[in-house]
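Visitor: I'm passing along model.txt; it holds compact mmCIF, C-alpha atoms.
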# COMPACT_ATOMS: atom_id res chain seq x y z
CA MET A 1426 86.55 95.03 104.06
CA THR A 1427 84.98 92.37 106.28
CA PRO A 1428 86.31 88.87 105.47
CA VAL A 1429 83.65 86.40 104.29
CA LEU A 1430 83.99 82.70 105.16
CA ASP A 1431 81.88 79.86 103.79
CA ILE A 1432 81.32 76.96 106.22
CA ALA A 1433 79.38 73.78 105.44
CA PHE A 1434 77.79 71.08 107.58
CA THR A 1435 76.16 67.78 106.62
CA LEU A 1436 73.61 66.45 109.10
CA ASN A 1437 70.05 65.45 109.85
CA ASN A 1438 67.45 66.87 112.19
CA ALA A 1439 68.69 64.78 115.14
CA TYR A 1440 71.82 66.94 115.38
CA ALA A 1441 70.04 70.30 115.28
CA GLU A 1442 70.93 71.35 118.83
CA PRO A 1443 74.66 70.49 118.64
CA LEU A 1444 74.68 72.45 115.39
CA ARG A 1445 73.28 75.50 117.18
CA VAL A 1446 76.01 75.26 119.82
CA LEU A 1447 78.59 75.11 117.02
CA LEU A 1448 77.01 78.08 115.20
CA THR A 1449 77.09 80.08 118.43
CA SER A 1450 80.75 79.24 119.06
CA ILE A 1451 81.75 80.35 115.55
CA LEU A 1452 79.80 83.60 115.64
CA VAL A 1453 81.16 84.51 119.10
CA THR A 1454 84.81 83.82 118.32
CA ASN A 1455 84.80 85.17 114.75
CA HIS A 1456 82.93 88.44 115.23
CA LYS A 1457 85.28 90.30 112.87
CA SER A 1458 84.31 88.07 109.93
CA PHE A 1459 81.00 87.44 108.17
CA ILE A 1460 80.17 83.74 108.11
CA ARG A 1461 77.96 82.17 105.44
CA PHE A 1462 76.72 78.88 106.86
CA HIS A 1463 75.55 76.14 104.50
CA VAL A 1464 73.60 73.16 105.82
CA ILE A 1465 73.42 70.11 103.55
CA CYS A 1466 70.67 67.81 104.73
CA SER A 1467 67.92 65.40 103.75
CA ASP A 1468 65.60 66.59 106.53
CA PHE A 1469 65.60 69.65 108.80
CA SER A 1470 62.48 70.95 110.56
CA ASP A 1471 61.01 74.42 110.18
CA ASP A 1472 61.30 74.91 113.96
CA ASN A 1473 65.02 74.22 113.93
CA ARG A 1474 65.53 76.48 110.93
CA ALA A 1475 63.72 79.26 112.78
CA LYS A 1476 65.96 78.84 115.84
CA ASN A 1477 69.08 78.95 113.67
CA GLN A 1478 67.84 82.16 112.07
CA ARG A 1479 67.30 83.73 115.47
CA LEU A 1480 71.00 83.19 116.16
CA MET A 1481 71.89 84.88 112.86
CA ASP A 1482 69.64 87.83 113.73
CA TYR A 1483 71.16 88.13 117.20
CA PHE A 1484 74.83 88.10 116.19
CA LYS A 1485 74.40 89.89 112.83
CA ASN A 1486 77.65 88.50 111.40
CA GLY A 1487 76.26 85.39 109.75
CA SER A 1488 73.73 83.98 107.32
CA ILE A 1489 72.44 80.44 106.87
CA ASP A 1490 70.97 78.47 103.98
CA TYR A 1491 69.92 74.87 103.37
CA SER A 1492 70.54 72.51 100.46
CA ALA A 1493 68.75 69.21 100.08
CA VAL A 1494 70.44 66.18 98.58
CA ASP A 1495 69.00 62.91 97.35
CA PRO A 1496 69.80 60.32 100.06
CA THR A 1497 69.34 57.45 97.63
CA ARG A 1498 72.65 58.41 95.98
CA PHE A 1499 74.40 57.23 99.15
CA ALA A 1500 72.09 54.38 100.15
CA ARG A 1501 74.40 51.62 98.92
CA PHE A 1502 77.42 52.90 100.84
CA ARG A 1503 78.33 50.82 103.88
CA LEU A 1504 78.40 52.51 107.29
CA PRO A 1505 81.05 50.85 109.48
CA ASP A 1506 79.37 51.81 112.78
CA TYR A 1507 75.93 53.42 112.75
CA ARG A 1508 76.41 54.85 116.25
CA ILE A 1509 79.27 57.04 115.00
CA PHE A 1510 78.66 57.38 111.26
CA PRO A 1511 75.21 58.57 110.14
CA PRO A 1512 74.43 58.33 106.39
CA GLU A 1513 75.02 62.08 106.06
CA THR A 1514 78.72 61.51 106.66
CA TYR A 1515 79.05 60.86 102.91
CA TYR A 1516 77.35 64.11 101.84
CA GLN A 1517 80.72 65.85 101.95
CA TYR A 1518 81.38 64.23 98.55
CA VAL A 1519 79.01 66.62 96.76
CA LEU A 1520 80.17 70.00 98.11
CA ALA A 1521 81.74 71.00 94.79
CA ASP A 1522 78.49 70.20 92.97
CA VAL A 1523 76.10 71.77 95.48
CA PHE A 1524 78.08 75.05 95.54
CA PRO A 1525 79.28 75.65 91.97
CA GLN A 1526 79.68 79.37 92.71
CA LEU A 1527 82.32 78.79 95.41
CA ASP A 1528 86.04 78.13 94.93
CA LYS A 1529 86.57 76.85 98.48
CA ILE A 1530 84.61 75.91 101.57
CA LEU A 1531 85.39 74.87 105.13
CA TYR A 1532 83.62 71.69 106.20
CA LEU A 1533 82.98 70.96 109.91
CA ASP A 1534 81.42 67.99 111.68
CA VAL A 1535 78.76 69.01 114.21
CA ASP A 1536 80.49 67.37 117.21
CA ILE A 1537 82.77 70.39 117.28
CA VAL A 1538 83.06 73.83 118.86
CA VAL A 1539 85.23 76.67 117.59
CA ASN A 1540 87.22 78.52 120.21
CA GLY A 1541 89.31 80.88 118.10
CA ASP A 1542 89.81 82.81 114.88
CA LEU A 1543 89.22 80.76 111.71
CA LEU A 1544 90.61 83.39 109.34
CA PRO A 1545 94.23 82.10 109.33
CA LEU A 1546 92.91 78.67 108.35
CA TRP A 1547 90.60 80.13 105.71
CA ASN A 1548 93.43 82.13 104.13
CA LEU A 1549 95.73 79.13 103.62
CA ASP A 1550 97.05 78.70 100.08
CA LEU A 1551 95.47 75.56 98.63
CA THR A 1552 97.07 75.78 95.19
CA ASP A 1553 97.76 72.23 93.98
CA TYR A 1554 95.85 70.70 96.92
CA TYR A 1555 92.33 69.25 96.96
CA CYS A 1556 91.95 69.88 100.66
CA ALA A 1557 93.74 70.62 103.92
CA GLY A 1558 93.18 68.67 107.14
CA VAL A 1559 94.80 67.42 110.33
CA VAL A 1560 96.58 64.07 110.24
CA ASP A 1561 94.74 61.26 112.03
CA TYR A 1562 97.75 59.70 113.74
CA GLY A 1563 95.67 56.99 115.39
CA CYS A 1564 94.69 55.50 112.03
CA GLU A 1565 98.21 55.91 110.69
CA LYS A 1566 99.74 54.05 113.63
CA LYS A 1567 97.35 51.14 113.17
CA GLY A 1568 98.53 50.63 109.60
CA HIS A 1569 95.19 51.50 108.08
CA LYS A 1570 96.79 53.38 105.18
CA LYS A 1571 98.36 50.16 103.95
CA VAL A 1572 94.95 48.43 104.07
CA LEU A 1573 93.56 51.15 101.80
CA GLY A 1574 96.48 50.88 99.39
CA MET A 1575 98.01 54.22 100.33
CA ALA A 1576 101.74 54.90 100.39
CA ASP A 1577 103.60 55.75 103.59
CA SER A 1578 104.16 59.28 102.26
CA ASP A 1579 100.43 59.88 101.66
CA VAL A 1580 98.64 62.10 104.19
CA TYR A 1581 95.73 60.40 105.98
CA ILE A 1582 93.51 63.06 107.53
CA ASN A 1583 90.59 63.26 109.93
CA SER A 1584 87.65 64.33 107.76
CA GLY A 1585 85.81 66.21 110.52
CA VAL A 1586 87.57 69.47 109.60
CA LEU A 1587 88.51 69.97 105.97
CA LEU A 1588 89.22 73.07 103.94
CA HIS A 1589 88.18 72.07 100.42
CA ASN A 1590 89.56 73.50 97.18
CA LEU A 1591 86.27 73.19 95.29
CA ALA A 1592 87.66 74.69 92.10
CA LYS A 1593 90.34 72.00 91.79
CA ILE A 1594 87.96 69.22 92.85
CA ARG A 1595 85.57 70.24 90.05
CA ALA A 1596 88.32 70.68 87.47
CA ASP A 1597 89.72 67.20 88.14
CA LYS A 1598 86.28 65.55 88.51
CA LYS A 1599 87.13 64.26 91.95
CA SER A 1600 83.50 64.18 93.16
CA GLU A 1601 82.85 61.35 90.72
CA ALA A 1602 86.05 59.64 91.88
CA LEU A 1603 84.89 59.74 95.52
CA PHE A 1604 81.74 57.83 94.62
CA ALA A 1605 83.64 55.29 92.51
CA ASP A 1606 86.31 54.71 95.16
CA THR A 1607 83.70 54.19 97.89
CA VAL A 1608 82.37 51.25 95.88
CA ALA A 1609 85.82 49.94 95.00
CA LEU A 1610 87.05 50.10 98.63
CA GLU A 1611 83.88 48.77 100.20
CA LYS A 1612 85.58 45.86 101.97
CA GLN A 1613 88.52 47.95 103.20
CA ILE A 1614 86.58 50.96 104.50
CA LYS A 1615 86.62 51.33 108.27
CA HIS A 1616 86.15 55.07 108.77
CA ALA A 1617 83.58 55.87 106.07
CA ASP A 1618 84.18 59.12 104.15
CA GLN A 1619 87.49 59.73 105.92
CA ASP A 1620 89.05 56.65 104.33
CA VAL A 1621 87.79 57.52 100.86
CA ILE A 1622 88.70 61.22 100.93
CA SER A 1623 92.23 60.41 102.14
CA TYR A 1624 92.58 57.77 99.42
CA THR A 1625 91.02 59.67 96.52
CA PHE A 1626 92.83 62.94 97.26
CA ARG A 1627 96.16 61.24 98.06
CA GLY A 1628 99.20 63.16 96.89
CA ALA A 1629 97.31 66.45 97.10
CA VAL A 1630 96.32 66.78 100.77
CA LYS A 1631 97.83 69.56 102.86
CA ALA A 1632 98.55 68.70 106.51
CA LEU A 1633 97.41 71.23 109.13
CA ASP A 1634 98.53 71.94 112.68
CA SER A 1635 96.44 69.92 115.15
CA ILE A 1636 95.07 73.13 116.70
CA TYR A 1637 92.61 73.14 113.79
CA ASN A 1638 91.14 69.76 114.72
CA PHE A 1639 92.08 69.15 118.32
CA GLY A 1640 90.37 65.87 119.14
CA THR A 1641 89.96 64.18 122.45
CA PRO A 1642 93.05 61.95 121.85
CA ASN A 1643 95.14 65.13 121.50
CA VAL A 1644 94.40 65.96 125.13
CA ARG A 1645 96.52 62.97 126.13
CA HIS A 1646 99.32 63.48 123.63
CA GLU A 1647 99.50 67.26 123.13
CA LEU A 1648 98.19 68.71 126.37
CA LEU A 1649 100.26 71.88 126.09
CA LYS A 1650 98.48 72.76 122.83
CA ARG A 1651 95.04 72.63 124.42
CA HIS A 1652 94.94 76.32 125.32
CA ARG A 1653 95.81 77.24 121.70
CA ALA A 1654 93.31 74.91 120.03
CA VAL A 1655 91.04 76.77 117.59
CA ILE A 1656 88.73 73.85 116.78
CA LEU A 1657 87.80 71.29 119.45
CA HIS A 1658 86.49 67.95 118.14
CA TYR A 1659 84.58 65.57 120.43
CA LEU A 1660 85.52 62.31 118.75
CA GLY A 1661 84.00 58.92 119.44
CA ARG A 1662 80.83 58.10 121.36
CA THR A 1663 81.40 60.41 124.35
CA LYS A 1664 79.58 63.49 123.09
CA PRO A 1665 79.16 66.40 125.53
CA TRP A 1666 75.40 66.58 124.91
CA ARG A 1667 75.05 62.94 126.03
CA LYS A 1668 77.30 62.65 129.06
CA LEU A 1669 80.04 64.51 130.91
CA ASN A 1670 83.72 63.75 130.59
CA PRO A 1671 85.63 66.55 132.36
CA PHE A 1672 88.93 65.43 130.86
CA GLN A 1673 87.80 65.83 127.25
CA MET A 1674 87.17 69.58 126.94
CA HIS A 1675 83.41 69.32 127.55
CA GLY A 1676 83.42 72.49 129.65
CA VAL A 1677 84.03 74.60 126.52
CA TYR A 1678 80.96 73.04 124.87
CA TYR A 1679 78.78 73.79 127.93
CA ARG A 1680 79.86 77.43 127.90
CA PHE A 1681 78.64 77.93 124.34
CA GLU A 1682 75.57 75.76 124.96
CA GLN A 1683 74.57 78.01 127.87
CA GLN A 1684 75.07 81.15 125.77
CA MET A 1685 72.97 79.68 122.94
CA LYS A 1686 70.14 78.80 125.34
CA GLN A 1687 70.16 82.29 126.83
CA ILE A 1688 69.90 83.91 123.39
CA LEU A 1689 66.95 81.69 122.46
CA GLY A 1690 65.28 82.19 125.85
CA GLU A 1691 65.36 78.49 126.67
CA PRO A 1692 65.78 77.22 130.25
CA TYR A 1693 69.29 76.15 131.16
CA ASN A 1694 70.76 75.35 134.54
CA ARG A 1695 74.39 74.59 133.83
CA ALA A 1696 75.05 72.90 137.15
CA ALA A 1697 72.01 70.65 136.72
CA VAL A 1698 72.96 69.77 133.14
CA VAL A 1699 76.54 68.94 134.07
CA TRP A 1700 75.41 66.84 137.05
CA GLN A 1701 72.88 64.92 134.95
CA ARG A 1702 75.48 64.07 132.32
CA LEU A 1703 78.02 63.09 134.97
CA VAL A 1704 75.51 60.65 136.49
CA VAL A 1705 74.81 59.17 133.06
CA ALA A 1706 78.54 58.77 132.44
CA ARG A 1707 79.01 56.93 135.75
CA LEU A 1708 76.06 54.61 135.14
CA GLN A 1709 77.31 53.74 131.68
CA ALA A 1710 80.82 53.12 132.99
CA ARG A 1711 79.48 50.45 135.37
CA ARG A 1712 77.84 48.46 132.57
Represent the supplied structure as structure tokens.
Guide:
Amino acid sequence: MTPVLDIAFTLNNAYAEPLRVLLTSILVTNHKSFIRFHVICSDFSDDNRAKNQRLMDYFKNGSIDYSAVDPTRFARFRLPDYRIFPPETYYQYVLADVFPQLDKILYLDVDIVVNGDLLPLWNLDLTDYYCAGVVDYGCEKKGHKKVLGMADSDVYINSGVLLHNLAKIRADKKSEALFADTVALEKQIKHADQDVISYTFRGAVKALDSIYNFGTPNVRHELLKRHRAVILHYLGRTKPWRKLNPFQMHGVYYRFEQQMKQILGEPYNRAAVVWQRLVVARLQARR
């Protein structure tokens, strides 16, 4: 029987193209599984929906649906840095409510590509855990857990890749707790939903190997793991669709971007794209 994986994204129309690169990377590297993609959004154009469907039709091992949420529910939440955190970053709070038929779901940020099999991650035992994620050592080293009121033994995770135990979250009414804690921690929050999820789920977060959320800082600290990384995460402001950084795994993104463009019949000159982004990176570095 073909394994079925449920994967969710929260975004707006501005991130439609990076999403298509991510969809392509998942469908290419997980061809033995059937992937049900779920897009949670407040706006997403018909044209972009049509392009996403063309990818589903081409690969034949995926489906995609869209769920709208009321953005006013999140309007009062503070965004620490608008250039990194769009309002949709908080939509992850409502996954258990939006998908009452699912017991678990894998959430991914859209500044990601998948370069390996997700099935071992999907099959992890989440009994007694609300979610599983990779520890954000940068935040831990800076003492941010103490600011939030977390214990040293609590696991502080990067929220860009999270396997959610929706059944347990619903049973323990943790969706409501996420909203309440966002208000209560307003002055302490520095990393938006990541702070709140780590705090609210504390004591029941399962730590994952960094290969399942291999961010750009990992390149410096865990270089030998790079070739085994299943999920590559382009953290911070240096996104591969904006400018080139050859030391931060951008080449993998361009490979899937080129494949996506070819499938959709859109023009793509990889050398020209890479050169343009390299020039932009150099100009910005001089400022």
Visitor: Which residue, A:Leu1549, A:Ile1582, A:Val1644, A:Ile1688, has the smallest gap to A:Lys1570 when you use all atoms listed in the file?
Guide: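 Checking each candidate against A:Lys1570, we get A:Ile1582 as the closest.
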Visitor: Quick one: everything within 9 Å of A:Gln1478, counting only C-alpha atoms, minus sequence neighbours fewer than 4 positions away in the same chain. Send it as a tab-separated table (two decimals) with C-alpha atoms, in the frame of the given file.
Guide:
chain	number	residue	atom	x	y	z
A	1473	ASN	CA	65.02	74.22	113.93
A	1474	ARG	CA	65.53	76.48	110.93
A	1482	ASP	CA	69.64	87.83	113.73
A	1483	TYR	CA	71.16	88.13	117.20
A	1488	SER	CA	73.73	83.98	107.32
A	1489	ILE	CA	72.44	80.44	106.87
Visitor: Which residue out of A:Ser1467, A:Tyr1562, A:Asn1455, A:Thr1449 has the minimum interatomic distance to A:Asn1643 when only C-alpha atoms are used?
Guide: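 The shortest atom-to-atom distance to A:Asn1643 comes from A:Tyr1562.
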Visitor: Which residue out of A:Ala1521, A:Cys1564, A:Leu1504, A:Val1464 has the minimum interatomic distance to A:Lys1598 when all atoms listed in the file are used?
Guide: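 Looking only at the distances to A:Lys1598, the closest residue turns out to be A:Ala1521.
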Visitor: Figure out the distance between atom CA of A:Val1586 and atom CA of A:Tyr1659, please, to one decimal in Å.
Guide: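 About the pair atom CA of A:Tyr1659 and atom CA of A:Val1586: they are 11.9 Å apart.
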Visitor: Could you list, as a PyMOL selection string, every residue within 9 Å of A:Val1621, counting all atoms listed in the file and ignoring same-chain residues fewer than 2 positions away?
Guide: chain A and resi 1573+1603-1604+1606-1607+1610+1614+1616-1619+1623-1626
Visitor: Once you have the residues from the selection above, write them out as a PDB file, in the frame of the given file, restricted to C-alpha atoms.
Guide:
ATOM      1  CA  LEU A1573      93.560  51.150 101.800  1.00  0.00           C
ATOM      2  CA  LEU A1603      84.890  59.740  95.520  1.00  0.00           C
ATOM      3  CA  PHE A1604      81.740  57.830  94.620  1.00  0.00           C
ATOM      4  CA  ASP A1606      86.310  54.710  95.160  1.00  0.00           C
ATOM      5  CA  THR A1607      83.700  54.190  97.890  1.00  0.00           C
ATOM      6  CA  LEU A1610      87.050  50.100  98.630  1.00  0.00           C
ATOM      7  CA  ILE A1614      86.580  50.960 104.500  1.00  0.00           C
ATOM      8  CA  HIS A1616      86.150  55.070 108.770  1.00  0.00           C
ATOM      9  CA  ALA A1617      83.580  55.870 106.070  1.00  0.00           C
ATOM     10  CA  ASP A1618      84.180  59.120 104.150  1.00  0.00           C
ATOM     11  CA  GLN A1619      87.490  59.730 105.920  1.00  0.00           C
ATOM     12  CA  SER A1623      92.230  60.410 102.140  1.00  0.00           C
ATOM     13  CA  TYR A1624      92.580  57.770  99.420  1.00  0.00           C
ATOM     14  CA  THR A1625      91.020  59.670  96.520  1.00  0.00           C
ATOM     15  CA  PHE A1626      92.830  62.940  97.260  1.00  0.00           C
TER      16      PHE A1626
END
Visitor: Please give the centre and size of the box around stretch 1680-1685 of chain A (axis-aligned, containing every atom listed in the file, 8 Å added per side), with values in Å to one decimal and written as AutoDock Vina command-line options.
Guide:
--center_x 76.4 --center_y 78.5 --center_z 125.4 --size_x 22.9 --size_y 21.4 --size_z 21.0
Visitor: Would you work out the distance separating atom CA of A:Leu1551 from atom CA of A:Arg1461, expressed in Å to one decimal?
Guide: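 Separating atom CA of A:Leu1551 from atom CA of A:Arg1461 is a distance of 19.9 Å.
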Visitor: To one decimal in Å, tell me the separation between atom CA of A:Ala1500 and atom CA of A:Asn1638.
Guide: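 Those two atoms sit 28.5 Å apart.
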